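Taking it in order: structure first as structure tokens, then the write-up.
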Amino acid sequence: MEIVLLTSALVFYLLSTVGFLLALVSPQQLFGRLAPGLLLVACAAHGGAITARSLSVGYIAVTNPYEAVSFFTWMTSGLFLLVQWRSSLTVLGAVVSPIGFVLTLGVFVLYTQARALPPALQSGWLPVHVTLAFLGNAVFCVAFFASLIYVFQEKRLKGKKIGGVLRRLPSLETLDKLNYRSLSWGFPLLTLGIVSGAVWARHAWGHFWIWEPRPVLSLVSWVLYAFLLHYRSVGWRGRRAATLTIVCFAVLVVSFLGVRFLPGRHGGEFG
């Protein structure tokens, strides 16, 4: 059932990608109405696949690279749908949907059979910590995409290239506000994710802090986002804020994905 649902999600991520791209280039409003619905189906099927695996193993399935990438993709897609519901941003869907498709395709490459949960992870802190951490990462991902679009659109505007697809893109002000709102939500989630991880580490290993790649890079990400959010609150806007948001997310990606393949308690099947 898990593979069937994941395959269905892959197909609908592809269909929603086509829908969002057509909504950008076509004057027909049908595609703009259809694409979010296709992404919703993809998200529902993906969530079903994660639920099926979690029920089969008896814990929230996020303990290896396959599960982590799958869970992150699902959360990012779901968060975009929430943003789309509040304010229609077709161009963001045209970025999120293909990323969802590519990552879900990668999930099949990373696929591994479920294994017994390591003793250190057999804790009620597992769903608390991973939900906060992954949700924070997903919110920062939205900020990252908004920043990429901002930089692209600003460059086009400065070059006086304002025809075609550019006319359907949201204003720079809209993208900048989305960036700031996402940072404002993502930073508390990141903070709570780190704190819950520290408390869990104290219960599991006897220490609040462990000098390993993942905790260290998480702390570096937290400092960078704290710096960015502080200066955003006192007036930073535009390209400078968008560029730093992109840099911060790059560090977060290294923390989230890269260190899973390095030694340590967060590497591979961490625990």
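Please note that chains go A, B, ... in the order of the structure tokens, that every chain numbers its residues from 1, and that ligands are numbered from 1 in the order shown.
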Find the residues of segment 115-219 of chain A that sit at most 12 Å from segment 42-66 of chain A; for each, write down the nearest two atoms and how far apart they are in Å, to one decimal. Count only C-alpha atoms. Sort by chain, then by number going up, and give it as JSON lines.
{"residue": "A:Arg115", "atom": "CA", "partner": "A:Val57", "partner_atom": "CA", "distance": 7.5}
{"residue": "A:Ala116", "atom": "CA", "partner": "A:Val57", "partner_atom": "CA", "distance": 7.3}
{"residue": "A:Leu117", "atom": "CA", "partner": "A:Tyr59", "partner_atom": "CA", "distance": 7.9}
{"residue": "A:Pro118", "atom": "CA", "partner": "A:Thr63", "partner_atom": "CA", "distance": 9.4}
{"residue": "A:Ala120", "atom": "CA", "partner": "A:Thr63", "partner_atom": "CA", "distance": 11.5}
{"residue": "A:Leu121", "atom": "CA", "partner": "A:Thr63", "partner_atom": "CA", "distance": 8.7}
{"residue": "A:Gln122", "atom": "CA", "partner": "A:Tyr59", "partner_atom": "CA", "distance": 8.5}
{"residue": "A:Ser123", "atom": "CA", "partner": "A:Tyr59", "partner_atom": "CA", "distance": 9.6}
{"residue": "A:Gly124", "atom": "CA", "partner": "A:Tyr59", "partner_atom": "CA", "distance": 9.7}
{"residue": "A:Trp125", "atom": "CA", "partner": "A:Ile60", "partner_atom": "CA", "distance": 11.0}
{"residue": "A:Leu126", "atom": "CA", "partner": "A:Ile60", "partner_atom": "CA", "distance": 7.7}
{"residue": "A:Pro127", "atom": "CA", "partner": "A:Ile60", "partner_atom": "CA", "distance": 6.4}
{"residue": "A:Val128", "atom": "CA", "partner": "A:Ile60", "partner_atom": "CA", "distance": 10.2}
{"residue": "A:His129", "atom": "CA", "partner": "A:Val62", "partner_atom": "CA", "distance": 10.8}
{"residue": "A:Val130", "atom": "CA", "partner": "A:Val62", "partner_atom": "CA", "distance": 7.6}
{"residue": "A:Thr131", "atom": "CA", "partner": "A:Ile60", "partner_atom": "CA", "distance": 9.5}
{"residue": "A:Ala133", "atom": "CA", "partner": "A:Val62", "partner_atom": "CA", "distance": 11.3}
{"residue": "A:Phe134", "atom": "CA", "partner": "A:Val62", "partner_atom": "CA", "distance": 9.7}
Q: Going by DSSP on the backbone, which bits of segment 59-259 of chain A are alpha helix (DSSP H)? Write them as a ChimeraX atom specification, please.
A: /A:65-86,90-110,125-158,172-205,213-233,238-256
Q: Just give me the gap between atom CA of Gly186 of chain A and atom CA of Leu135 of chain A in Å, one decimal is fine.
A: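 Calculated distance between atom CA of Gly186 of chain A and atom CA of Leu135 of chain A is 7.8 Å.
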**Q.** Ala9 of chain A surroundings by only C-alpha atoms, 12 Å radius, close-in-sequence under 6 positions cut, as a count of residues only
**A.** 30
Could you list, with a cut-off of 12 Å and counting only C-alpha atoms, the residues of segment 74-101 of chain A near segment 25-32 of chain A, each shown with its nearest atom pair and the distance in Å rounded to one decimal, rows sorted by chain and ascending number, as a Markdown table?
| residue | atom | partner | partner_atom | distance |
| --- | --- | --- | --- | --- |
| A:Gln84 | CA | A:Gly32 | CA | 10.8 |
| A:Ser88 | CA | A:Gly32 | CA | 9.0 |
| A:Leu89 | CA | A:Gly32 | CA | 9.6 |
| A:Thr90 | CA | A:Gly32 | CA | 6.9 |
| A:Val91 | CA | A:Gly32 | CA | 10.1 |
| A:Leu92 | CA | A:Gly32 | CA | 11.9 |
| A:Gly93 | CA | A:Gly32 | CA | 9.7 |
| A:Ala94 | CA | A:Gly32 | CA | 10.5 |
Export, as a CSV table (one decimal), in the first residue's frame, the selected residues with C-alpha atoms.
chain,number,residue,atom,x,y,z
A,84,GLN,CA,-1.9,29.1,-1.7
A,88,SER,CA,-2.9,32.7,-4.6
A,89,LEU,CA,0.8,32.4,-5.7
A,90,THR,CA,0.9,30.4,-8.8
A,91,VAL,CA,4.5,31.0,-9.4
A,92,LEU,CA,5.4,29.5,-6.0
A,93,GLY,CA,3.4,26.4,-7.0
A,94,ALA,CA,5.4,26.2,-10.2
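Proximity ranking of A:Ile246, A:Val83, A:Met75, A:Leu132 relative to Phe145 of chain A places A:Ile246 first, based on only C-alpha atoms.
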(Q) One number please: atom CA of Leu5 of chain A to atom CA of Phe144 of chain A, in Å, one decimal. (A) 28.2 Å
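Between atom CA of Pro170 of chain A and atom CA of Val151 of chain A the separation is 12.4 Å.
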